[in-house]
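A quick write-up on the structure given underneath.
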Amino acid sequence: MPGLSLLISALIDGVSRAMTLFLISSGLVIIFGLMDVFNLAHATFFALGAYLFLQFYLSTSCFLISLAIPIAVGILIGLFVERVLIRPLYGKHIMQLLLTMGLMLLLLQIIQIAWPAGLYFPETENRILSGMLEIAGTRVRIYKFVLVCVGLLVYLVIDLFMGRTRFGAMLRAGTENRELARAFGINIELLFTASFAFGSALAFMGGALISPLVHATIELPTTFTLMAFVVPVVGGMRSYKGAFYASLLIGVIDRLVAYYFSWLSFAIDLIIMIVVLLIKPEGLFGGE
Amino acid sequence: MKTIFRELSTGAKSSVTGLLLLSTALVLPFYARTFSIKMPILYVWATFAMSYDIILGFGGVPSFGHAAPFGIGVFVSALLLSRGVPLLLVYLAAALTGLAVNLSMGAPCYRVRGIYYAILTLAIAEMIRVLIENTAQTTVAVTVGAVPEFVSEHVLWISGLMVNFMVILTVYSFIEDLRSTRPRRFKALKAVFYILASAVIVFGAYRLTVWTYSLHKSMAAGILGYRELVRTLSPLNRYYISLFVMVISYLFLRRIVKSPVGSIFLSIRENPSRAEVIGYNVFRYQLLSFAISGLIAGACGASYIVCIPTATLEVLTADKTFIALLGAVIGGLGTLVGPLFGGILVGFLRDYLGKIIQNLHSVVPSLTVQQLQLLPTAVLGILYILIVLFLPYGFLGTWYLRGVSIKRKVKSFLMGRKV
Amino acid sequence: MTEEILQVDGVHTYVSGFHILQGASFNVKEGSTTAILGRNGVGKTTLLKTIIGILKPRRGRIIFKGKDITGLPSHEIINLGISFVAAERAIFGSLKVEENLRIAFKGRKEDYPTLLEKVFSLFPDLKRLENLKARNLSGGQQKMLAIACGIIRKPDLLIMDEPSEGLSPVFVKKVVDIVKELNEEGATVLLVEQNFHAFKGIIDKCYLMDKGRIAYEADAEELLSRPEIISQYLGVSA
């Protein structure tokens with residue numbers, strides 16, 4: 001049945017897109033929740049992760065190494081950016097916005113300079129990476145399921161990390177009340193640096209993981225930048241749980257619109273954002 | 001008659017520097033022809049950066065979609081000009097379009113603040129770009145003939161007259177200023193400087209007059225063909241039109257900024273919640289800043305077409321927003337004059353860096369021309385980040401804040417005693 | 001001769017441009033229970049926040065256990081052995097009771113279970129509600145938790161900001177008992193209180209604050225015998 005197979009394709013696409021969004025935005029939200037810093041360059045980190053992964057995969061054909069490098073770079077860049085760019089402007093929100101905006105534009109330029117034609121994930125022998133599966137009359141990339149699993153895994157890991165570990169408790173404490181956390185003897189500055197590095201590495205990793213699916217095209221940074229920003233707005237700027245549900249919502253709607261109402265797809269993210277801002281500005285799932 | 005002149009010059013006295021710069025700009029084409037071919041687009045960027053300063057520096061709203069009113073203004077102007085609409089009407093239409101676009105971008109400010117708002121503006125600007133990309137023509141070319149040339153003699157003479165008038169006014173303001181300067185050492189130094197400056201601009205005005213006169217003679221004698229006329233005049237047209245728009249915009253904006261409305265803007269920027277409590281409808285004033293900014297940004301779009309007769313999708317990209325952003329930040333948010341020069345500087349740097357990097361091509365052959373083209377913007381990006389970190393008030397802003405102590409030292413040296 | 005565990009010397013602190021502390025000076029003797037009394041708005045909380053480093057003084061010095069801690073970051077000061085129990089919003093509502101205690105604890109991991117048990121024996125209610133999110137506790141229970149977090153670290157100096165505020169008499173008595181017990185164990189306690197009456201039995205030394213400075217110092221007995229001083233600085237009768 002053509003109608004059903006299209007629908008199933010759209011839904012699978014939607015969920016995998018949702019997990020992609022979650023991978024981009026989870027770090028952003030964790031950082032913002034703790035530090036009140038909205039890193040506009042965050043999605044560019046994501047794109048950079050994709051490019052780095054593909055760059056190394058094309059030369060080494062080793063998935064793990066190509067994944068490890070963006071994560072390592074992410075940690076380093078996160079540390080550098082936090083120390084050098086974010087920390088001096090602590091408390092000056094407009095300046096931080098201006099700065100991360102500049103960083104985003106700079107990184108976009110650098111990406112365009114280094115890889116003017118984009119990078120494409122090659123066809124491989126590996127069934128998981130490149131293979132297809134027949135479902136209800138349509139062929140679906142197996143990797144999409146991998147992405148979904150990874151997204152769920154990341155969510156679970158973050159959830160466990162936040163809920164069970166001492167460090168996670170400190171993060172949540174710092175997010176709730178920074179001054180009190182200081183009074184409890186928590187080294188907030190160190191926490192900031194660590195979580196910024198962690199969030200950034202998460203973005204790099206996310207980018208690396210989705211690149212076998214979407215490749216690293218020249219539109220990648222811009223497309224995903226916007227989608228990445230819509231997620232916190234819809235889900236609540238500080239809640240990774242909210243980000244998860246918001247990603248699902250946006251991902252599925254976005255793909256359904258792309259499949260069935262393609263004329264609307266250029267504006268659907270904006271429409272969702274405006275609707276949410278109008279009815280519940282703090283986010284649909286926000287306010288833990 | 002003398003009193004009117006005196007009135008003018010008293011007002012002029014307070015802006016001796018302004019008049020000097022204006023006069024220099026007016027006679028520049030008759031000194032450095034090649035240089036003045038590059039200036040028009042720089043004036044556009046200067047005006048553009050100023051318009052952005054109104055939103056960010058005065059309204060205090062972080063809007064990252066400033067390319068929208070500009071870009072749409074460009075397209076509207078291109079469309080109208082290619083259909084033969086007179087230039088003045090085109091400017092009006094572009095300004096009003098910019099106003100409309102910016103008002104709709106500013107409206108969400110009511111519900112949404114700070115970071116949410118910044119994201120929203122990014123999204124809106126991007127959406128507009130994609131929309132136009134999908135539906136409309138991507139390139140709108142405007143024929144050269146559409147931009148009016150000062151072919152008529154009267155206009156030539158009038159413009160010449162105006163330039164001469166400005167020059168005379170400037171010299172007069174020099175004299176007035178000298179008269180009111182007390183300290184002898186200072187006065188002497190100023191006098192020397194003013195004499196030199198006067199020489200330059202008077203001579204420039206002289207050259208302009210002579211040139212106009214010879215043009216008039218050639219036209220009367222029928223020697224000069226239409227084509228040659230156009231070729232001679234076109235660059236001058238661009239130059240003077242964009243300069244004119246920039247000066248008018250500056251005066252308009254300055255009038256607003258110095259008025260009570262302007263001080264309300266500043267108080268809102270400093271502390272929005274307090275302003276709200278005092279009784280100002282913050283949203284309304286922010287919307288007002290958007291409206292004013294939109295007018296100017298739209299007009300910039302028209303100026304852009306005057307300088308570069310083709311409208312592509314380039315004008316709607318974040319790159320243009322970045323020019324405004326960088327120009328305003330480098331110059332100094334909230335100073336108005338700062339962004340004016342900041343815009344010129346940014347435009348100039350892009351050009352200059354582009355040239356340097358072209359030469360780099362031979363040194364680093366592995367990079368393609370396409371890649372090298374993007375390097376200037378990357379360098380500007382780094383510059384921008386450095387400025388935000390170390391000179392958050394911009395060049396002029398920092399000068400206003402810290403320059404007082406330097407000025408004092410210079411003055412006390414010149415006056416021979418402690419100030 | 002007991003050591004002075006805390007010396008505050010000529011501290012000036014500005015908050016949002018306002019000159020709140022105008023040269024506050026006082027000392028706390030080791031092992032004592034010292035109280036800072038004063039009306040609302042004289043700067044008591046600002047004083048405490050300055051001591052633990054949340055606010056930085058513009059002038060003056062703070063010396064703890066002989067070490068100059070002026071201007072040090074809060075977490076370093078806390079880790080030197082000071083505990084601070086805030087007046088309001090003193091615990092993390094989004095964290096569970098046990099989690100609050102866990103992040104408050106500093107020390108070797110092996111010691112944690114014993115100290116946790118000790119705290120629970122002092123506050124049996126908290127043990128019962130161990131896994132509840134702190135925001136679901138009653139006001140009194142939240143204060144108890146806050147104090148528990150303060151003492152689980154075994155601090156050398158425990159600073160409490162209005163520990164009895166908003167508590168019913170039953171809870172107030174409980175707080176007094178806890179301070180008494182801490183005293184007996186040799187801990188030093190610094191209180192900021194408006195309710196002098198409830199704590200008068202256990203306070204050794206009082207400092208009365210007015211207009212951002214320490215205006216009067218007295219032993220507890222002296223203060224009790226001269227109620228007019230109390231009404232002058234606190235505006236209430238003893």
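Residues are referred to by chain and number: the chain letter is A, B, ... according to the order shown in the structure tokens, the number counts from 1 in that chain, and ligands are numbered separately from 1 in the order shown.
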
Selection: 10 Å around Leu98 in chain A, only C-alpha atoms, excl. self and same-chain fewer than 5 positions, as a list in words: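 Surrounding residues, per the criterion: Leu40, His93, Leu103 and Met104 of chain A; Pro62, Ser63, Phe64, Ala118, Leu325, Leu326, Val329, Tyr384, Ile385 and Val388 of chain B.
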
Selection near Pro232 in chain A, 7 Å with only C-alpha atoms, sequence-local residues under 6 positions removed, as JSON, numbers by chain: {"A": [25, 29, 243]}

Could you turn the residues from that selection into a file that holds C-alpha atoms, as a PDB file, in the first residue's frame?
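Saved the output as out-v1.pdb:
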```pdb
ATOM      1  CA  SER A  25      20.472  20.188  21.446  1.00  0.00           C
ATOM      2  CA  VAL A  29      20.421  22.807  26.971  1.00  0.00           C
ATOM      3  CA  ALA A 243      14.788  18.712  24.834  1.00  0.00           C
TER       4      ALA A 243
END
```

Range 28-82 of chain C: residues DSSP assigns to strand (DSSP E), reported as a PyMOL selection string: chain C and resi 28-29+33-37+59-64+67-68+82

Store the residues picked out above, limited to N, CA and C atoms, as a short mmCIF file (atom, residue, chain, number, x, y, z; two decimals), in the first residue's frame.
```cif
data_model
loop_
_atom_site.label_atom_id
_atom_site.label_comp_id
_atom_site.auth_asym_id
_atom_site.auth_seq_id
_atom_site.Cartn_x
_atom_site.Cartn_y
_atom_site.Cartn_z
N VAL C 28 35.21 35.90 66.68
CA VAL C 28 34.49 34.73 67.19
C VAL C 28 35.51 33.82 67.86
N LYS C 29 35.28 33.50 69.12
CA LYS C 29 36.20 32.63 69.83
C LYS C 29 35.88 31.18 69.53
N THR C 33 29.46 30.04 71.11
CA THR C 33 28.29 30.31 70.27
C THR C 33 28.09 31.81 70.27
N THR C 34 28.31 32.40 69.13
CA THR C 34 28.23 33.85 69.00
C THR C 34 27.00 34.22 68.19
N ALA C 35 26.37 35.31 68.59
CA ALA C 35 25.18 35.75 67.85
C ALA C 35 25.37 37.16 67.35
N ILE C 36 24.89 37.38 66.14
CA ILE C 36 24.83 38.74 65.60
C ILE C 36 23.37 39.12 65.54
N LEU C 37 23.02 40.17 66.26
CA LEU C 37 21.62 40.57 66.32
C LEU C 37 21.45 41.91 65.65
N ARG C 59 36.88 46.71 51.16
CA ARG C 59 37.96 47.02 52.10
C ARG C 59 37.85 46.10 53.31
N GLY C 60 38.94 45.89 53.99
CA GLY C 60 38.87 45.11 55.21
C GLY C 60 39.43 43.71 55.02
N ARG C 61 39.52 42.98 56.11
CA ARG C 61 40.09 41.63 56.04
C ARG C 61 39.25 40.66 56.83
N ILE C 62 39.31 39.42 56.40
CA ILE C 62 38.65 38.35 57.14
C ILE C 62 39.68 37.25 57.35
N ILE C 63 39.84 36.86 58.60
CA ILE C 63 40.87 35.85 58.91
C ILE C 63 40.21 34.66 59.59
N PHE C 64 40.43 33.50 59.04
CA PHE C 64 39.85 32.27 59.57
C PHE C 64 40.97 31.31 59.92
N LYS C 67 44.27 32.24 58.81
CA LYS C 67 44.57 32.40 57.39
C LYS C 67 43.69 33.52 56.82
N ASP C 68 44.27 34.36 56.00
CA ASP C 68 43.53 35.46 55.40
C ASP C 68 42.65 34.92 54.27
N ILE C 82 34.37 25.97 56.94
CA ILE C 82 33.21 26.75 57.33
C ILE C 82 31.98 26.15 56.66
#
```

Please identify the alpha helix (DSSP H) residues within range 43-178 of chain A (assignment by DSSP from backbone atoms) and present them as a compact mmCIF listing (two decimals) with N, CA and C atoms, in the first residue's frame.
```
# COMPACT_ATOMS: atom_id res chain seq x y z
N ALA A 43 25.57 24.55 17.27
CA ALA A 43 25.20 23.72 16.13
C ALA A 43 26.35 23.66 15.13
N THR A 44 27.19 24.67 15.10
CA THR A 44 28.35 24.65 14.22
C THR A 44 29.35 23.62 14.72
N PHE A 45 29.39 23.45 16.04
CA PHE A 45 30.21 22.37 16.59
C PHE A 45 29.73 21.04 16.02
N PHE A 46 28.41 20.90 16.01
CA PHE A 46 27.79 19.71 15.48
C PHE A 46 28.25 19.46 14.05
N ALA A 47 28.15 20.51 13.23
CA ALA A 47 28.54 20.38 11.82
C ALA A 47 30.02 20.03 11.71
N LEU A 48 30.82 20.67 12.55
CA LEU A 48 32.26 20.42 12.52
C LEU A 48 32.54 18.96 12.86
N GLY A 49 31.76 18.43 13.81
CA GLY A 49 31.92 17.03 14.16
C GLY A 49 31.67 16.13 12.97
N ALA A 50 30.64 16.48 12.19
CA ALA A 50 30.33 15.68 11.00
C ALA A 50 31.48 15.73 10.01
N TYR A 51 31.99 16.93 9.77
CA TYR A 51 33.07 17.08 8.80
C TYR A 51 34.32 16.33 9.24
N LEU A 52 34.66 16.48 10.52
CA LEU A 52 35.86 15.81 11.00
C LEU A 52 35.74 14.30 10.89
N PHE A 53 34.56 13.81 11.27
CA PHE A 53 34.34 12.37 11.20
C PHE A 53 34.54 11.88 9.78
N LEU A 54 33.88 12.56 8.85
CA LEU A 54 33.97 12.10 7.46
C LEU A 54 35.39 12.23 6.93
N GLN A 55 36.05 13.31 7.30
CA GLN A 55 37.42 13.51 6.85
C GLN A 55 38.28 12.32 7.24
N PHE A 56 38.14 11.89 8.50
CA PHE A 56 38.98 10.79 8.96
C PHE A 56 38.48 9.44 8.47
N TYR A 57 37.19 9.32 8.32
CA TYR A 57 36.67 8.05 7.84
C TYR A 57 37.10 7.78 6.41
N LEU A 58 37.13 8.89 5.63
CA LEU A 58 37.53 8.71 4.23
C LEU A 58 38.98 8.27 4.12
N SER A 59 39.78 8.64 5.12
CA SER A 59 41.18 8.20 5.03
C SER A 59 41.44 6.91 5.77
N THR A 60 40.72 6.66 6.88
CA THR A 60 41.07 5.47 7.66
C THR A 60 40.07 4.34 7.56
N PHE A 63 35.59 3.26 11.79
CA PHE A 63 34.50 4.01 12.41
C PHE A 63 34.90 4.57 13.76
N LEU A 64 35.51 3.73 14.57
CA LEU A 64 35.79 4.13 15.95
C LEU A 64 36.79 5.28 16.03
N ILE A 65 37.85 5.16 15.25
CA ILE A 65 38.83 6.24 15.29
C ILE A 65 38.19 7.54 14.81
N SER A 66 37.44 7.42 13.71
CA SER A 66 36.81 8.62 13.16
C SER A 66 35.81 9.20 14.13
N LEU A 67 35.26 8.39 15.01
CA LEU A 67 34.33 8.91 16.00
C LEU A 67 35.08 9.52 17.17
N ALA A 68 36.17 8.86 17.54
CA ALA A 68 36.91 9.32 18.72
C ALA A 68 37.52 10.70 18.50
N ILE A 69 37.97 10.94 17.29
CA ILE A 69 38.65 12.22 17.05
C ILE A 69 37.73 13.42 17.22
N PRO A 70 36.55 13.44 16.60
CA PRO A 70 35.68 14.59 16.85
C PRO A 70 35.36 14.77 18.33
N ILE A 71 35.18 13.66 19.04
CA ILE A 71 34.86 13.80 20.46
C ILE A 71 36.03 14.47 21.19
N ALA A 72 37.24 14.01 20.89
CA ALA A 72 38.41 14.61 21.53
C ALA A 72 38.52 16.08 21.19
N VAL A 73 38.37 16.37 19.89
CA VAL A 73 38.44 17.77 19.46
C VAL A 73 37.37 18.58 20.16
N GLY A 74 36.19 17.99 20.29
CA GLY A 74 35.08 18.67 20.94
C GLY A 74 35.42 19.06 22.37
N ILE A 75 36.04 18.12 23.08
CA ILE A 75 36.41 18.42 24.46
C ILE A 75 37.41 19.57 24.49
N LEU A 76 38.42 19.49 23.62
CA LEU A 76 39.44 20.52 23.62
C LEU A 76 38.86 21.89 23.25
N ILE A 77 38.07 21.89 22.19
CA ILE A 77 37.48 23.15 21.77
C ILE A 77 36.55 23.70 22.85
N GLY A 78 35.81 22.80 23.48
CA GLY A 78 34.93 23.23 24.55
C GLY A 78 35.71 23.89 25.67
N LEU A 79 36.80 23.27 26.07
CA LEU A 79 37.63 23.84 27.13
C LEU A 79 38.16 25.21 26.72
N PHE A 80 38.67 25.26 25.49
CA PHE A 80 39.26 26.51 25.01
C PHE A 80 38.22 27.63 24.97
N HIS A 93 25.07 39.23 29.25
CA HIS A 93 24.38 38.33 28.33
C HIS A 93 24.42 38.79 26.89
N ILE A 94 24.18 40.07 26.67
CA ILE A 94 24.15 40.53 25.29
C ILE A 94 25.51 40.31 24.64
N MET A 95 26.56 40.61 25.40
CA MET A 95 27.90 40.43 24.86
C MET A 95 28.17 38.97 24.54
N GLN A 96 27.69 38.09 25.42
CA GLN A 96 27.89 36.66 25.15
C GLN A 96 27.18 36.25 23.88
N LEU A 97 25.97 36.77 23.73
CA LEU A 97 25.23 36.48 22.50
C LEU A 97 26.01 36.95 21.28
N LEU A 98 26.48 38.19 21.36
CA LEU A 98 27.22 38.74 20.24
C LEU A 98 28.46 37.90 19.96
N LEU A 99 29.13 37.50 21.02
CA LEU A 99 30.36 36.75 20.82
C LEU A 99 30.10 35.40 20.21
N THR A 100 29.14 34.65 20.77
CA THR A 100 28.91 33.32 20.21
C THR A 100 28.35 33.40 18.80
N MET A 101 27.65 34.49 18.51
CA MET A 101 27.20 34.70 17.13
C MET A 101 28.40 34.84 16.22
N GLY A 102 29.37 35.62 16.66
CA GLY A 102 30.58 35.80 15.88
C GLY A 102 31.33 34.48 15.71
N LEU A 103 31.38 33.73 16.80
CA LEU A 103 32.05 32.44 16.72
C LEU A 103 31.36 31.53 15.72
N MET A 104 30.04 31.55 15.74
CA MET A 104 29.28 30.73 14.79
C MET A 104 29.62 31.12 13.36
N LEU A 105 29.60 32.42 13.09
CA LEU A 105 29.89 32.86 11.73
C LEU A 105 31.32 32.50 11.33
N LEU A 106 32.24 32.67 12.28
CA LEU A 106 33.62 32.34 11.99
C LEU A 106 33.77 30.88 11.64
N LEU A 107 33.17 30.01 12.47
CA LEU A 107 33.29 28.58 12.22
C LEU A 107 32.64 28.20 10.90
N LEU A 108 31.51 28.84 10.59
CA LEU A 108 30.86 28.58 9.30
C LEU A 108 31.81 28.90 8.15
N GLN A 109 32.49 30.03 8.27
CA GLN A 109 33.45 30.42 7.24
C GLN A 109 34.55 29.38 7.14
N ILE A 110 35.07 28.99 8.28
CA ILE A 110 36.17 28.04 8.28
C ILE A 110 35.75 26.72 7.64
N ILE A 111 34.55 26.28 7.96
CA ILE A 111 34.05 25.06 7.35
C ILE A 111 33.97 25.21 5.84
N GLN A 112 33.47 26.36 5.40
CA GLN A 112 33.35 26.57 3.96
C GLN A 112 34.71 26.63 3.29
N ILE A 113 35.68 27.18 4.00
CA ILE A 113 37.01 27.29 3.41
C ILE A 113 37.68 25.92 3.34
N ALA A 114 37.56 25.18 4.44
CA ALA A 114 38.28 23.91 4.49
C ALA A 114 37.65 22.86 3.60
N ARG A 127 26.82 -3.69 6.47
CA ARG A 127 25.35 -3.70 6.35
C ARG A 127 24.71 -2.62 7.22
N ILE A 128 25.28 -2.47 8.42
CA ILE A 128 24.68 -1.51 9.34
C ILE A 128 24.84 -0.09 8.85
N LEU A 129 26.04 0.19 8.33
CA LEU A 129 26.30 1.56 7.94
C LEU A 129 25.57 1.96 6.67
N SER A 130 25.57 1.06 5.71
CA SER A 130 25.04 1.49 4.42
C SER A 130 23.85 0.68 3.94
N ILE A 142 19.17 1.12 7.34
CA ILE A 142 19.30 0.50 8.66
C ILE A 142 19.90 1.48 9.65
N TYR A 143 20.77 2.33 9.13
CA TYR A 143 21.46 3.26 10.02
C TYR A 143 20.51 4.17 10.78
N LYS A 144 19.35 4.39 10.17
CA LYS A 144 18.38 5.24 10.87
C LYS A 144 18.00 4.61 12.20
N PHE A 145 17.83 3.30 12.19
CA PHE A 145 17.50 2.64 13.44
C PHE A 145 18.65 2.74 14.43
N VAL A 146 19.85 2.64 13.87
CA VAL A 146 21.03 2.80 14.73
C VAL A 146 21.00 4.15 15.42
N LEU A 147 20.69 5.17 14.63
CA LEU A 147 20.61 6.52 15.19
C LEU A 147 19.59 6.60 16.31
N VAL A 148 18.44 6.01 16.06
CA VAL A 148 17.39 6.06 17.08
C VAL A 148 17.90 5.41 18.37
N CYS A 149 18.53 4.24 18.19
CA CYS A 149 19.05 3.57 19.38
C CYS A 149 20.10 4.43 20.09
N VAL A 150 20.96 5.04 19.29
CA VAL A 150 22.01 5.87 19.89
C VAL A 150 21.38 7.03 20.65
N GLY A 151 20.39 7.66 20.02
CA GLY A 151 19.73 8.78 20.68
C GLY A 151 19.14 8.38 22.02
N LEU A 152 18.44 7.26 22.02
CA LEU A 152 17.85 6.77 23.26
C LEU A 152 18.92 6.46 24.27
N LEU A 153 20.00 5.85 23.80
CA LEU A 153 21.10 5.50 24.69
C LEU A 153 21.68 6.74 25.33
N VAL A 154 21.92 7.75 24.50
CA VAL A 154 22.48 8.99 25.03
C VAL A 154 21.55 9.58 26.08
N TYR A 155 20.27 9.54 25.77
CA TYR A 155 19.31 10.08 26.74
C TYR A 155 19.39 9.33 28.06
N LEU A 156 19.43 8.00 27.95
CA LEU A 156 19.50 7.20 29.16
C LEU A 156 20.78 7.48 29.93
N VAL A 157 21.88 7.58 29.20
CA VAL A 157 23.16 7.83 29.87
C VAL A 157 23.14 9.18 30.58
N ILE A 158 22.64 10.19 29.88
CA ILE A 158 22.56 11.51 30.51
C ILE A 158 21.66 11.44 31.74
N ASP A 159 20.55 10.77 31.59
CA ASP A 159 19.61 10.65 32.69
C ASP A 159 20.27 9.98 33.90
N LEU A 160 20.95 8.88 33.64
CA LEU A 160 21.62 8.18 34.72
C LEU A 160 22.71 9.05 35.33
N PHE A 161 23.47 9.68 34.45
CA PHE A 161 24.56 10.51 34.91
C PHE A 161 24.06 11.61 35.82
N MET A 162 22.98 12.25 35.38
CA MET A 162 22.42 13.35 36.16
C MET A 162 21.81 12.85 37.46
N GLY A 163 21.16 11.69 37.38
CA GLY A 163 20.38 11.25 38.51
C GLY A 163 21.16 10.44 39.54
N ARG A 164 22.20 9.76 39.11
CA ARG A 164 22.83 8.83 40.03
C ARG A 164 24.19 9.28 40.54
N ARG A 166 27.35 11.79 41.74
CA ARG A 166 27.53 12.97 42.58
C ARG A 166 27.71 14.19 41.69
N PHE A 167 28.49 13.99 40.61
CA PHE A 167 28.73 15.08 39.68
C PHE A 167 27.42 15.56 39.07
N GLY A 168 26.58 14.62 38.70
CA GLY A 168 25.29 14.97 38.14
C GLY A 168 24.45 15.74 39.14
N ALA A 169 24.50 15.32 40.40
CA ALA A 169 23.75 16.04 41.43
C ALA A 169 24.28 17.46 41.56
N MET A 170 25.61 17.60 41.49
CA MET A 170 26.19 18.95 41.58
C MET A 170 25.75 19.81 40.40
N LEU A 171 25.70 19.18 39.21
CA LEU A 171 25.24 19.91 38.02
C LEU A 171 23.80 20.39 38.21
N ARG A 172 22.97 19.51 38.69
CA ARG A 172 21.57 19.90 38.88
C ARG A 172 21.46 20.97 39.95
N ALA A 173 22.27 20.83 41.00
CA ALA A 173 22.25 21.83 42.05
C ALA A 173 22.67 23.18 41.50
N GLY A 174 23.77 23.18 40.72
CA GLY A 174 24.25 24.43 40.15
C GLY A 174 23.25 25.05 39.21
N THR A 175 22.50 24.21 38.49
CA THR A 175 21.47 24.72 37.59
C THR A 175 20.35 25.38 38.37
N GLU A 176 20.03 24.80 39.52
CA GLU A 176 18.92 25.36 40.27
C GLU A 176 19.29 26.67 40.95
N ARG A 178 22.86 28.84 41.67
CA ARG A 178 24.31 28.92 41.60
C ARG A 178 24.94 29.39 42.91
```

Neighbours of chain A in chain C at 7 Å, counting only C-alpha atoms, as a list in words: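 Residues satisfying the distance criterion: Ser74, His75, Ile78, Asn79, Phe84, Ala90, Phe92, Glu99, Ile103 and Ala104 of chain C.
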
CA of Gly57 in chain B to CA of Trp399 in chain B, straight-line distance in Å: 16.2 Å

Proximal residues of chain B relative to chain A (only C-alpha atoms; 8 Å) as a list in words: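 Result: Pro62, Arg111, Val112, Gly114, Ile115, Tyr116, Ile119, Leu120, Leu122, Ala123, Ile124, Met127, Val130, Leu131, Gln370, Gln371, Leu372, Leu374, Leu375, Thr377, Ala378, Gly381, Ile382, Tyr384, Ile385, Val388, Leu389 and Pro392 of chain B.
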
Print the selection's residues with C-alpha atoms to a file, as a tab-separated table (two decimals), in the first residue's frame.
```tsv
chain	number	residue	atom	x	y	z
B	62	PRO	CA	19.71	41.57	19.99
B	111	ARG	CA	6.28	38.23	24.15
B	112	VAL	CA	9.82	37.23	23.75
B	114	GLY	CA	16.72	38.22	25.02
B	115	ILE	CA	18.03	34.95	23.72
B	116	TYR	CA	14.66	33.70	22.53
B	119	ILE	CA	16.94	32.98	17.84
B	120	LEU	CA	13.63	34.12	16.48
B	122	LEU	CA	17.70	34.31	12.96
B	123	ALA	CA	14.85	32.02	12.09
B	124	ILE	CA	12.75	34.73	10.47
B	127	MET	CA	12.94	31.79	6.43
B	130	VAL	CA	14.55	30.49	1.74
B	131	LEU	CA	11.13	31.75	0.75
B	370	GLN	CA	36.88	30.13	-4.16
B	371	GLN	CA	38.31	29.20	-0.81
B	372	LEU	CA	40.48	32.28	-0.66
B	374	LEU	CA	36.07	33.42	2.04
B	375	LEU	CA	39.16	34.18	4.05
B	377	THR	CA	35.21	37.21	6.22
B	378	ALA	CA	36.91	34.64	8.43
B	381	GLY	CA	35.17	37.11	12.24
B	382	ILE	CA	38.29	36.76	14.35
B	384	TYR	CA	34.98	40.72	15.67
B	385	ILE	CA	35.53	38.22	18.46
B	388	VAL	CA	33.84	41.88	21.66
B	389	LEU	CA	36.32	40.48	24.16
B	392	PRO	CA	33.30	45.85	23.98
```

Residue contacts of Ile357 in chain B (8 Å, only C-alpha atoms) excluding same-chain residues fewer than 2 positions away, as a ChimeraX atom specification: /B:353-355,359-361,372-373,375-376

How would the residues just chosen look if you wrote them out with C-alpha atoms as a tab-separated table (two decimals), in the first residue's frame?
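The result, written out as out.tsv:
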```tsv
chain	number	residue	atom	x	y	z
B	353	LEU	CA	41.85	41.77	2.81
B	354	GLY	CA	40.41	40.36	-0.36
B	355	LYS	CA	43.19	42.03	-2.33
B	359	ASN	CA	48.14	37.76	-3.81
B	360	LEU	CA	48.43	34.95	-1.30
B	361	HIS	CA	47.17	32.64	-4.00
B	372	LEU	CA	40.48	32.28	-0.66
B	373	GLN	CA	37.48	34.46	-1.26
B	375	LEU	CA	39.16	34.18	4.05
B	376	PRO	CA	38.49	37.91	4.49
```

Skipping near chain neighbours, those fewer than 6 positions away, what residues fall within 12 Å of Ala220 in chain C using only C-alpha atoms, listed as a JSON list (two decimals) with C-alpha atoms, in the first residue's frame?
```json
[["chain", "number", "residue", "atom", "x", "y", "z"],
["C", 32, "SER", "CA", 31.76, 29.53, 71.47],
["C", 33, "THR", "CA", 28.29, 30.31, 70.27],
["C", 34, "THR", "CA", 28.23, 33.85, 69.00],
["C", 35, "ALA", "CA", 25.18, 35.75, 67.85],
["C", 36, "ILE", "CA", 24.83, 38.74, 65.60],
["C", 37, "LEU", "CA", 21.62, 40.57, 66.32],
["C", 196, "PHE", "CA", 17.22, 36.52, 70.77],
["C", 197, "HIS", "CA", 14.76, 35.25, 73.29],
["C", 199, "PHE", "CA", 18.51, 31.32, 71.99],
["C", 200, "LYS", "CA", 19.41, 33.29, 75.04],
["C", 201, "GLY", "CA", 20.28, 30.25, 77.03],
["C", 202, "ILE", "CA", 23.04, 29.08, 74.76],
["C", 203, "ILE", "CA", 24.60, 32.23, 73.39],
["C", 204, "ASP", "CA", 27.95, 33.19, 74.81],
["C", 205, "LYS", "CA", 28.58, 36.49, 73.10],
["C", 206, "CYS", "CA", 26.38, 38.95, 71.24],
["C", 207, "TYR", "CA", 27.20, 41.56, 68.69],
["C", 208, "LEU", "CA", 24.52, 44.06, 67.88],
["C", 226, "ARG", "CA", 19.78, 45.41, 80.20],
["C", 227, "PRO", "CA", 16.72, 44.90, 78.03],
["C", 229, "ILE", "CA", 19.77, 47.80, 74.68],
["C", 230, "ILE", "CA", 17.88, 45.01, 73.01]]
```
